>>> print(open('final27.cif').read())   # mmCIF, C-alpha atoms
data_input
loop_
_atom_site.label_atom_id
_atom_site.label_comp_id
_atom_site.auth_asym_id
_atom_site.auth_seq_id
_atom_site.Cartn_x
_atom_site.Cartn_y
_atom_site.Cartn_z
CA MET W 1 -31.26 32.04 -22.08
CA ASN W 2 -31.05 28.27 -22.17
CA GLN W 3 -28.49 28.21 -24.96
CA PRO W 4 -25.56 29.62 -22.89
CA ILE W 5 -26.40 27.21 -20.06
CA LEU W 6 -26.38 24.25 -22.47
CA CYS W 7 -23.04 25.40 -23.84
CA LEU W 8 -21.56 25.59 -20.33
CA VAL W 9 -22.88 22.12 -19.50
CA ALA W 10 -21.38 20.73 -22.73
CA ILE W 11 -18.01 22.36 -22.00
CA PHE W 12 -18.04 21.02 -18.42
CA MET W 13 -18.84 17.47 -19.58
CA THR W 14 -16.12 17.62 -22.24
CA CYS W 15 -13.54 18.80 -19.72
CA ASN W 16 -14.61 16.10 -17.26
CA LEU W 17 -14.25 13.34 -19.88
CA PHE W 18 -10.88 14.70 -20.94
CA ALA W 19 -9.70 14.78 -17.32
CA GLN W 20 -10.79 11.17 -16.79
CA LYS W 21 -9.06 10.10 -19.98
CA HIS W 22 -5.90 11.95 -19.00
CA GLU W 23 -5.96 10.37 -15.54
CA ASN W 24 -6.52 6.82 -16.78
CA ARG W 25 -4.15 6.86 -19.72
CA PRO W 26 -0.93 6.47 -17.70
CA LEU W 27 -2.40 3.51 -15.77
CA LEU W 28 -4.42 1.37 -18.12
CA LYS W 29 -2.66 -0.08 -21.18
CA SER W 30 0.66 1.46 -20.15
CA TRP W 31 4.05 -0.27 -19.89
CA PRO W 32 5.64 0.07 -16.44
CA LEU W 33 9.32 -0.84 -16.54
CA SER W 34 10.65 -2.07 -13.21
CA PHE W 35 14.01 -2.86 -11.65
CA THR W 36 14.56 -5.19 -8.71
CA PRO W 37 17.91 -4.66 -6.96
CA LEU W 38 17.34 -7.57 -4.56
CA SER W 39 15.16 -10.64 -4.94
CA ILE W 40 15.50 -13.64 -2.61
CA TRP W 41 14.38 -16.89 -4.21
CA ASN W 42 15.02 -19.85 -1.91
CA SER W 43 18.83 -19.84 -1.65
CA ASP W 44 19.38 -17.57 -4.68
CA VAL W 45 20.03 -13.84 -4.62
CA SER W 46 19.24 -12.00 -7.85
CA ALA W 47 18.53 -8.70 -9.57
CA SER W 48 15.91 -8.36 -12.29
CA VAL W 49 14.25 -6.15 -14.88
CA GLY W 50 10.63 -6.54 -15.93
CA THR W 51 7.71 -4.98 -17.71
CA GLU W 52 3.99 -5.15 -16.99
CA TYR W 53 1.01 -4.60 -19.28
CA ARG W 54 -2.27 -3.83 -17.50
CA PHE W 55 -4.76 -4.60 -20.25
CA HIS W 56 -7.77 -4.44 -17.88
CA PRO W 57 -8.43 -2.51 -14.65
CA SER W 58 -8.27 -5.80 -12.74
CA PHE W 59 -5.84 -7.89 -14.80
CA SER W 60 -2.27 -7.60 -16.06
CA VAL W 61 0.64 -9.71 -17.27
CA ARG W 62 4.23 -9.15 -16.19
CA THR W 63 7.40 -10.59 -17.71
CA ALA W 64 10.74 -10.47 -15.89
CA ALA W 65 14.30 -11.72 -16.32
CA ASP W 66 16.55 -12.27 -13.29
CA TYR W 67 20.32 -12.40 -13.14
CA ILE W 68 21.33 -14.73 -10.30
CA TYR W 69 24.62 -13.65 -8.76
CA GLY W 70 24.80 -15.36 -5.38
CA GLY W 71 23.56 -18.13 -3.12
CA TYR W 72 24.07 -19.74 0.26
CA SER W 73 27.03 -22.11 0.02
CA THR W 74 30.55 -22.68 1.31
CA GLY W 75 33.27 -20.07 1.03
CA HIS W 76 34.79 -21.55 -2.15
CA ALA W 77 31.66 -21.42 -4.35
CA LYS W 78 30.39 -18.99 -6.96
CA THR W 79 26.87 -18.96 -8.38
CA SER W 80 25.54 -17.27 -11.52
CA GLY W 81 22.55 -17.90 -13.73
CA LEU W 82 19.37 -16.66 -15.37
CA ARG W 83 15.69 -16.95 -14.48
CA LEU W 84 12.76 -16.15 -16.79
CA ARG W 85 9.27 -15.77 -15.33
CA GLU W 86 5.76 -14.71 -16.18
CA ASP W 87 3.10 -13.28 -13.84
CA ILE W 88 -0.66 -13.22 -14.37
CA ARG W 89 -2.05 -10.72 -11.89
CA TYR W 90 -5.50 -9.96 -10.55
CA TYR W 91 -5.81 -6.57 -8.85
CA ILE W 92 -8.33 -6.68 -6.03
CA ALA W 93 -11.10 -4.12 -6.62
CA GLY W 94 -9.02 -2.95 -9.56
CA ASN W 95 -11.92 -1.49 -11.54
CA ARG W 96 -12.82 0.78 -8.64
CA LEU W 97 -9.31 1.67 -7.46
CA ILE W 98 -7.75 2.45 -10.83
CA ASN W 99 -10.30 5.22 -11.41
CA SER W 100 -10.07 6.60 -7.88
CA ARG W 101 -7.51 8.70 -6.08
CA SER W 102 -6.04 5.58 -4.53
CA ARG W 103 -2.33 5.04 -5.09
CA VAL W 104 -2.18 1.54 -3.57
CA TRP W 105 -3.42 -1.58 -5.41
CA PRO W 106 -3.28 -5.02 -3.73
CA TYR W 107 -3.14 -8.06 -5.99
CA ILE W 108 -2.84 -11.83 -6.18
CA ALA W 109 -0.94 -13.58 -8.96
CA ILE W 110 0.35 -16.84 -10.41
CA THR W 111 4.05 -16.97 -11.35
CA GLY W 112 5.69 -19.62 -13.51
CA GLY W 113 9.02 -19.91 -15.23
CA PHE W 114 12.40 -21.54 -15.74
CA LYS W 115 15.83 -21.18 -14.13
CA TYR W 116 19.32 -22.11 -15.33
CA VAL W 117 22.11 -21.64 -12.80
CA ARG W 118 25.77 -22.69 -12.66
CA THR W 119 27.63 -23.07 -9.39
CA GLY W 120 31.41 -23.53 -9.41
CA PHE W 121 33.25 -25.07 -6.45
CA SER W 122 36.93 -25.09 -5.52
CA ASP W 123 38.40 -26.46 -2.31
CA TRP W 124 40.94 -28.77 -0.72
CA TYR W 125 39.81 -32.40 -0.52
CA TRP W 126 41.43 -35.27 1.37
CA GLN W 127 42.55 -38.32 -0.56
CA ASN W 128 43.86 -41.66 0.67
CA ASN W 129 46.75 -43.26 -1.17
CA ASN W 130 47.89 -46.57 0.37
CA GLY W 131 47.06 -45.39 3.86
CA GLN W 132 48.60 -41.94 3.41
CA MET W 133 46.21 -38.98 3.61
CA TYR W 134 46.97 -35.82 1.68
CA ALA W 135 45.00 -32.78 0.48
CA VAL W 136 44.42 -32.02 -3.22
CA TRP W 137 42.96 -28.83 -4.67
CA HIS W 138 39.97 -29.66 -6.92
CA GLN W 139 37.49 -27.65 -8.94
CA TYR W 140 34.14 -28.72 -10.37
CA HIS W 141 30.72 -27.24 -11.11
CA THR W 142 27.04 -28.10 -11.12
CA ILE W 143 24.26 -27.10 -13.53
CA ASN W 144 20.74 -26.72 -12.18
CA ARG W 145 17.69 -26.55 -14.45
CA GLU W 146 14.53 -25.69 -12.58
CA TRP W 147 10.83 -25.28 -13.35
CA PHE W 148 8.67 -23.50 -10.78
CA LEU W 149 5.07 -22.44 -10.12
CA LEU W 150 4.18 -20.02 -7.32
CA GLY W 151 1.15 -18.27 -5.95
CA ARG W 152 1.87 -14.65 -5.09
CA THR W 153 0.33 -11.84 -3.11
CA GLY W 154 1.55 -8.28 -3.14
CA MET W 155 0.87 -4.59 -3.34
CA GLN W 156 1.76 -1.99 -5.94
CA SER W 157 1.78 1.71 -5.12
CA ALA W 158 2.11 4.63 -7.51
CA PHE W 159 3.40 8.10 -6.80
CA GLY W 160 4.66 11.21 -8.54
CA ARG W 161 3.01 13.23 -11.27
CA ASN W 162 0.43 11.18 -13.20
CA LYS W 163 1.43 8.20 -11.01
CA ARG W 164 4.46 7.62 -13.19
CA PHE W 165 6.65 6.00 -10.51
CA LEU W 166 5.78 2.78 -8.74
CA PHE W 167 6.92 0.55 -5.91
CA ASP W 168 5.97 -3.13 -5.86
CA ILE W 169 6.47 -5.60 -3.01
CA SER W 170 5.33 -9.23 -2.97
CA LEU W 171 5.70 -12.70 -1.45
CA GLY W 172 5.45 -15.95 -3.40
CA LEU W 173 5.05 -19.56 -2.27
CA GLY W 174 4.79 -22.70 -4.39
CA VAL W 175 6.80 -25.61 -5.77
CA SER W 176 10.00 -25.97 -7.78
CA ASN W 177 11.37 -28.99 -9.60
CA ASN W 178 15.17 -29.10 -9.82
CA ARG W 179 17.37 -31.26 -12.05
CA VAL W 180 21.05 -30.99 -11.11
CA SER W 181 23.96 -32.37 -13.10
CA TYR W 182 27.55 -32.64 -11.76
CA HIS W 183 30.57 -31.92 -13.92
CA PHE W 184 33.85 -33.27 -12.51
CA PRO W 185 37.37 -33.21 -13.98
CA GLU W 186 38.75 -36.58 -15.02
CA ASN W 187 41.21 -36.89 -12.13
CA MET W 188 38.69 -36.06 -9.39
CA PRO W 189 37.37 -38.69 -6.93
CA ASN W 190 33.68 -38.13 -7.61
CA THR W 191 32.29 -40.49 -4.98
CA ASP W 192 34.30 -38.94 -2.18
CA ILE W 193 33.09 -35.45 -3.08
CA LEU W 194 29.43 -36.49 -3.25
CA LEU W 195 29.73 -38.32 0.07
CA GLN W 196 31.18 -35.21 1.70
CA TYR W 197 28.33 -33.01 0.46
CA THR W 198 25.61 -35.32 1.74
CA THR W 199 26.91 -35.52 5.32
CA THR W 200 28.60 -32.84 7.37
CA ASN W 201 28.18 -29.88 5.01
CA ILE W 202 24.56 -30.34 4.05
CA SER W 203 23.37 -27.45 6.23
CA PHE W 204 25.67 -25.04 4.37
CA ASN W 205 24.79 -26.15 0.85
CA SER W 206 22.52 -24.43 -1.59
CA ARG W 207 19.58 -26.38 -2.98
CA ASN W 208 21.14 -25.72 -6.35
CA ARG W 209 23.20 -28.89 -5.78
CA PHE W 210 20.32 -31.34 -5.36
CA SER W 211 17.69 -32.74 -7.71
CA GLY W 212 14.08 -33.15 -6.67
CA ARG W 213 10.96 -31.20 -5.78
CA PHE W 214 11.20 -28.43 -3.22
CA THR W 215 9.06 -25.72 -1.68
CA GLY W 216 9.58 -22.50 -3.62
CA PHE W 217 9.70 -19.20 -1.71
CA ASN W 218 10.30 -15.74 -3.11
CA PHE W 219 10.44 -12.21 -1.71
CA GLU W 220 10.72 -9.31 -4.12
CA ALA W 221 10.72 -5.52 -3.91
CA CYS W 222 11.02 -3.53 -7.14
CA PHE W 223 10.94 0.05 -8.33
CA GLY W 224 9.49 1.13 -11.66
CA TYR W 225 8.68 3.90 -14.10
CA ARG W 226 5.46 3.92 -16.08
CA LEU W 227 5.74 4.67 -19.78
CA LEU W 228 2.72 6.32 -21.38
CA LYS W 229 0.92 4.57 -24.17
#
>>> encode(input="final27.cif", output="C-alpha coordinates")
Amino acid sequence: MNQPILCLVAIFMTCNLFAQKHENRPLLKSWPLSFTPLSIWNSDVSASVGTEYRFHPSFSVRTAADYIYGGYSTGHAKTSGLRLREDIRYYIAGNRLINSRSRVWPYIAITGGFKYVRTGFSDWYWQNNNGQMYAVWHQYHTINREWFLLGRTGMQSAFGRNKRFLFDISLGLGVSNNRVSYHFPENMPNTDILLQYTTTNISFNSRNRFSGRFTGFNFEACFGYRLLK
(Lines of atoms letter the chains of each structure in order from A and count residues from 1; the text may use other names and numbers.)
(Lines give C-alpha, C1' and ligand atoms only; values in the text may rest on other atoms or scores of the structure.)
Protein backbone atom coordinates (compact mmCIF):
# COMPACT_ATOMS: atom_id res chain seq x y z
CA MET A 1 0.00 0.00 0.00
CA ASN A 2 2.83 2.37 0.81
CA GLN A 3 4.65 1.72 -2.45
CA PRO A 4 2.10 3.49 -4.73
CA ILE A 5 2.00 6.44 -2.33
CA LEU A 6 5.81 6.72 -2.38
CA CYS A 7 5.76 6.60 -6.18
CA LEU A 8 3.19 9.41 -6.33
CA VAL A 9 5.23 11.52 -3.91
CA ALA A 10 8.38 10.95 -6.00
CA ILE A 11 6.56 11.90 -9.20
CA PHE A 12 5.13 15.04 -7.56
CA MET A 13 8.56 16.13 -6.28
CA THR A 14 10.14 15.51 -9.69
CA CYS A 15 7.46 17.56 -11.45
CA ASN A 16 7.84 20.35 -8.89
CA LEU A 17 11.62 20.52 -9.37
CA PHE A 18 11.20 20.48 -13.14
CA ALA A 19 8.66 23.29 -12.95
CA GLN A 20 10.99 25.39 -10.80
CA LYS A 21 13.87 24.75 -13.18
CA HIS A 22 11.73 25.64 -16.17
CA GLU A 23 10.56 28.83 -14.48
CA ASN A 24 14.03 29.98 -13.44
CA ARG A 25 15.90 29.09 -16.60
CA PRO A 26 14.69 32.07 -18.67
CA LEU A 27 15.63 34.51 -15.88
CA LEU A 28 18.87 33.41 -14.30
CA LYS A 29 21.93 33.10 -16.55
CA SER A 30 19.98 34.28 -19.58
CA TRP A 31 20.95 37.01 -22.06
CA PRO A 32 18.30 39.75 -22.37
CA LEU A 33 18.90 41.87 -25.46
CA SER A 34 17.50 45.39 -25.15
CA PHE A 35 16.91 48.37 -27.41
CA THR A 36 16.61 51.97 -26.23
CA PRO A 37 14.91 54.26 -28.77
CA LEU A 38 15.45 57.36 -26.63
CA SER A 39 18.05 58.05 -23.97
CA ILE A 40 18.68 61.57 -22.64
CA TRP A 41 22.19 62.05 -21.30
CA ASN A 42 22.80 65.66 -20.26
CA SER A 43 22.46 67.50 -23.59
CA ASP A 44 22.82 64.37 -25.76
CA VAL A 45 20.01 62.39 -27.34
CA SER A 46 20.86 58.80 -28.26
CA ALA A 47 19.62 55.33 -29.13
CA SER A 48 21.31 52.20 -27.83
CA VAL A 49 21.50 48.42 -27.84
CA GLY A 50 22.64 46.38 -24.86
CA THR A 51 22.80 42.96 -23.29
CA GLU A 52 22.58 41.89 -19.66
CA TYR A 53 23.84 38.76 -17.94
CA ARG A 54 22.20 37.98 -14.59
CA PHE A 55 24.72 35.58 -13.11
CA HIS A 56 23.12 35.68 -9.62
CA PRO A 57 19.53 36.29 -8.44
CA SER A 58 20.66 39.64 -7.01
CA PHE A 59 23.50 40.67 -9.34
CA SER A 60 24.00 41.25 -13.05
CA VAL A 61 26.26 43.05 -15.51
CA ARG A 62 24.98 45.00 -18.50
CA THR A 63 26.94 46.29 -21.48
CA ALA A 64 25.49 48.88 -23.87
CA ALA A 65 26.57 50.95 -26.87
CA ASP A 66 24.84 54.25 -27.68
CA TYR A 67 24.69 56.09 -30.97
CA ILE A 68 24.45 59.82 -30.25
CA TYR A 69 22.49 61.61 -32.95
CA GLY A 70 21.46 64.94 -31.47
CA GLY A 71 22.02 67.58 -28.82
CA TYR A 72 20.90 71.00 -27.65
CA SER A 73 22.69 73.61 -29.74
CA THR A 74 22.10 76.36 -32.29
CA GLY A 75 20.27 75.76 -35.54
CA HIS A 76 23.45 75.28 -37.60
CA ALA A 77 24.95 72.39 -35.60
CA LYS A 78 24.98 68.63 -36.04
CA THR A 79 26.05 66.14 -33.39
CA SER A 80 26.98 62.47 -33.76
CA GLY A 81 29.05 60.10 -31.67
CA LEU A 82 29.38 56.86 -29.74
CA ARG A 83 29.12 56.00 -26.04
CA LEU A 84 30.21 52.71 -24.45
CA ARG A 85 29.07 51.88 -20.91
CA GLU A 86 29.01 49.12 -18.35
CA ASP A 87 26.47 48.58 -15.54
CA ILE A 88 26.93 46.54 -12.37
CA ARG A 89 23.47 45.99 -10.94
CA TYR A 90 22.14 44.87 -7.59
CA TYR A 91 18.51 43.73 -7.65
CA ILE A 92 16.78 44.52 -4.37
CA ALA A 93 15.40 41.33 -2.80
CA GLY A 94 16.44 39.61 -6.01
CA ASN A 95 16.82 36.14 -4.50
CA ARG A 96 13.22 36.23 -3.30
CA LEU A 97 11.64 37.99 -6.27
CA ILE A 98 13.28 36.00 -9.06
CA ASN A 99 11.73 32.79 -7.74
CA SER A 100 8.32 34.33 -7.09
CA ARG A 101 5.46 35.33 -9.33
CA SER A 102 6.65 38.92 -9.25
CA ARG A 103 7.29 40.53 -12.62
CA VAL A 104 8.83 43.74 -11.27
CA TRP A 105 12.41 43.93 -9.95
CA PRO A 106 13.81 47.22 -8.55
CA TYR A 107 17.57 47.69 -8.63
CA ILE A 108 20.46 50.03 -7.94
CA ALA A 109 23.56 50.15 -10.13
CA ILE A 110 26.89 51.79 -10.90
CA THR A 111 27.48 52.90 -14.51
CA GLY A 112 30.82 53.86 -16.01
CA GLY A 113 32.07 54.40 -19.53
CA PHE A 114 33.48 56.57 -22.28
CA LYS A 115 32.00 58.90 -24.90
CA TYR A 116 33.35 60.24 -28.19
CA VAL A 117 31.20 62.83 -29.93
CA ARG A 118 31.74 65.18 -32.88
CA THR A 119 29.73 68.37 -33.30
CA GLY A 120 29.94 70.30 -36.57
CA PHE A 121 29.00 73.99 -36.76
CA SER A 122 28.25 76.23 -39.74
CA ASP A 123 27.03 79.81 -39.55
CA TRP A 124 27.55 83.40 -40.65
CA TYR A 125 30.14 85.28 -38.57
CA TRP A 126 30.91 89.00 -38.58
CA GLN A 127 34.42 90.13 -39.43
CA ASN A 128 36.01 93.57 -39.25
CA ASN A 129 38.30 94.64 -42.06
CA ASN A 130 39.67 98.20 -41.63
CA GLY A 131 36.47 99.37 -39.99
CA GLN A 132 34.17 97.62 -42.47
CA MET A 133 31.95 94.85 -41.07
CA TYR A 134 30.89 91.98 -43.29
CA ALA A 135 29.55 88.45 -42.77
CA VAL A 136 31.50 85.33 -43.75
CA TRP A 137 30.19 81.76 -43.82
CA HIS A 138 32.44 79.50 -41.70
CA GLN A 139 32.42 75.84 -40.73
CA TYR A 140 34.30 74.10 -37.93
CA HIS A 141 33.85 71.19 -35.53
CA THR A 142 34.63 70.09 -32.00
CA ILE A 143 35.63 66.68 -30.63
CA ASN A 144 34.57 65.77 -27.10
CA ARG A 145 36.10 62.84 -25.20
CA GLU A 146 34.32 62.12 -21.96
CA TRP A 147 34.68 59.73 -19.02
CA PHE A 148 31.72 59.35 -16.68
CA LEU A 149 30.63 57.53 -13.51
CA LEU A 150 26.99 57.47 -12.39
CA GLY A 151 24.90 55.93 -9.68
CA ARG A 152 21.62 54.57 -11.01
CA THR A 153 18.27 53.43 -9.71
CA GLY A 154 15.63 51.75 -11.78
CA MET A 155 13.07 49.04 -12.26
CA GLN A 156 12.88 46.13 -14.67
CA SER A 157 9.60 44.39 -15.41
CA ALA A 158 9.05 41.16 -17.34
CA PHE A 159 5.96 40.05 -19.19
CA GLY A 160 4.80 37.55 -21.79
CA ARG A 161 5.22 33.80 -21.81
CA ASN A 162 8.14 32.68 -19.61
CA LYS A 163 8.81 36.38 -18.93
CA ARG A 164 10.60 36.66 -22.25
CA PHE A 165 9.89 40.37 -22.83
CA LEU A 166 11.10 43.14 -20.55
CA PHE A 167 10.79 46.85 -19.98
CA ASP A 168 13.50 48.75 -18.10
CA ILE A 169 13.38 52.35 -16.88
CA SER A 170 16.06 54.11 -14.86
CA LEU A 171 17.58 57.41 -13.70
CA GLY A 172 21.30 58.05 -13.27
CA LEU A 173 23.21 60.84 -11.53
CA GLY A 174 26.97 61.29 -11.18
CA VAL A 175 29.96 63.08 -12.67
CA SER A 176 31.46 63.42 -16.14
CA ASN A 177 34.86 64.70 -17.18
CA ASN A 178 34.94 66.32 -20.64
CA ARG A 179 37.95 67.17 -22.79
CA VAL A 180 36.97 69.24 -25.84
CA SER A 181 39.23 70.09 -28.77
CA TYR A 182 38.38 72.72 -31.44
CA HIS A 183 39.20 72.19 -35.10
CA PHE A 184 39.11 75.40 -37.18
CA PRO A 185 39.92 75.95 -40.86
CA GLU A 186 43.05 77.98 -41.55
CA ASN A 187 41.23 81.14 -42.65
CA MET A 188 38.87 81.29 -39.66
CA PRO A 189 39.20 83.93 -36.90
CA ASN A 190 39.39 81.51 -33.98
CA THR A 191 39.40 84.06 -31.17
CA ASP A 192 36.29 85.81 -32.43
CA ILE A 193 34.38 82.53 -32.61
CA LEU A 194 35.39 81.45 -29.10
CA LEU A 195 34.49 84.87 -27.71
CA GLN A 196 31.05 84.65 -29.29
CA TYR A 197 30.37 81.22 -27.77
CA THR A 198 31.31 82.28 -24.26
CA THR A 199 28.99 85.30 -24.11
CA THR A 200 25.56 85.72 -25.65
CA ASN A 201 25.00 82.17 -26.91
CA ILE A 202 26.13 80.23 -23.87
CA SER A 203 22.57 79.34 -22.83
CA PHE A 204 21.97 77.65 -26.21
CA ASN A 205 25.19 75.66 -26.34
CA SER A 206 25.66 72.01 -25.62
CA ARG A 207 28.15 71.02 -22.94
CA ASN A 208 29.88 69.11 -25.70
CA ARG A 209 31.75 72.35 -26.48
CA PHE A 210 33.38 72.87 -23.08
CA SER A 211 36.09 71.05 -21.16
CA GLY A 212 35.84 70.38 -17.45
CA ARG A 213 33.92 68.37 -14.88
CA PHE A 214 30.14 68.43 -14.95
CA THR A 215 27.20 66.81 -13.24
CA GLY A 216 26.11 63.78 -15.26
CA PHE A 217 22.39 63.03 -15.60
CA ASN A 218 20.76 60.25 -17.58
CA PHE A 219 17.21 59.04 -18.18
CA GLU A 220 16.69 55.79 -20.06
CA ALA A 221 13.76 53.59 -21.02
CA CYS A 222 14.46 50.40 -22.97
CA PHE A 223 12.64 47.37 -24.29
CA GLY A 224 14.15 43.90 -24.45
CA TYR A 225 13.79 40.24 -25.33
CA ARG A 226 15.24 37.52 -23.14
CA LEU A 227 17.17 34.78 -24.88
CA LEU A 228 17.15 31.39 -23.19
CA LYS A 229 20.39 29.85 -22.07
>>> atom_distance(input="final27.cif", atom1="CA of Ser60 in chain W", atom2="CA of Thr215 in chain W")
25.8 Å
>>> resolve_selection(input="final27.cif", expression="the PyMOL selection byres ((chain W and resi 176-179) around 6)", output="JSON, numbers by chain")
{"W": [144, 145, 146, 147, 148, 175, 180, 211, 212, 213, 214, 216]}
>>> residues_near_point(input="final27.cif", point="(1.9, -25.8, -8.9)", cutoff="7 Å", atoms="all atoms listed in the file", output="list in words")
Leu149, Leu150, Gly174 and Val175 of chain W
>>> resolve_selection(input="final27.cif", expression="the PyMOL selection byres ((chain W and resi 110) around 10)", output="NGL selection string")
:W and (61 or 86-90 or 108-109 or 111-112 or 149-153 or 172-174)
>>> atom_distance(input="final27.cif", atom1="CA of Phe35 in chain W", atom2="CA of Phe159 in chain W")
16.0 Å
>>> atom_distance(input="final27.cif", atom1="CA of Asp66 in chain W", atom2="CA of Asn162 in chain W")
28.5 Å
>>> resolve_selection(input="final27.cif", expression="the PyMOL selection byres ((chain W and resi 42) around 7)", output="PyMOL selection string")
chain W and resi 40-41+43-44+216-218
>>> residues_around(input="final27.cif", residues="Val45 in chain W", least_positions_apart="2", cutoff="8 Å", atoms="all atoms listed in the file", output="number ranges by chain")
W: 38-41, 43, 47, 68-71
>>> residues_near_point(input="final27.cif", point="(24.4, -28.4, -9.9)", cutoff="10 Å", atoms="all atoms listed in the file", output="NGL selection string")
:W and (79 or 116-120 or 140-145 or 178-183 or 206-211)
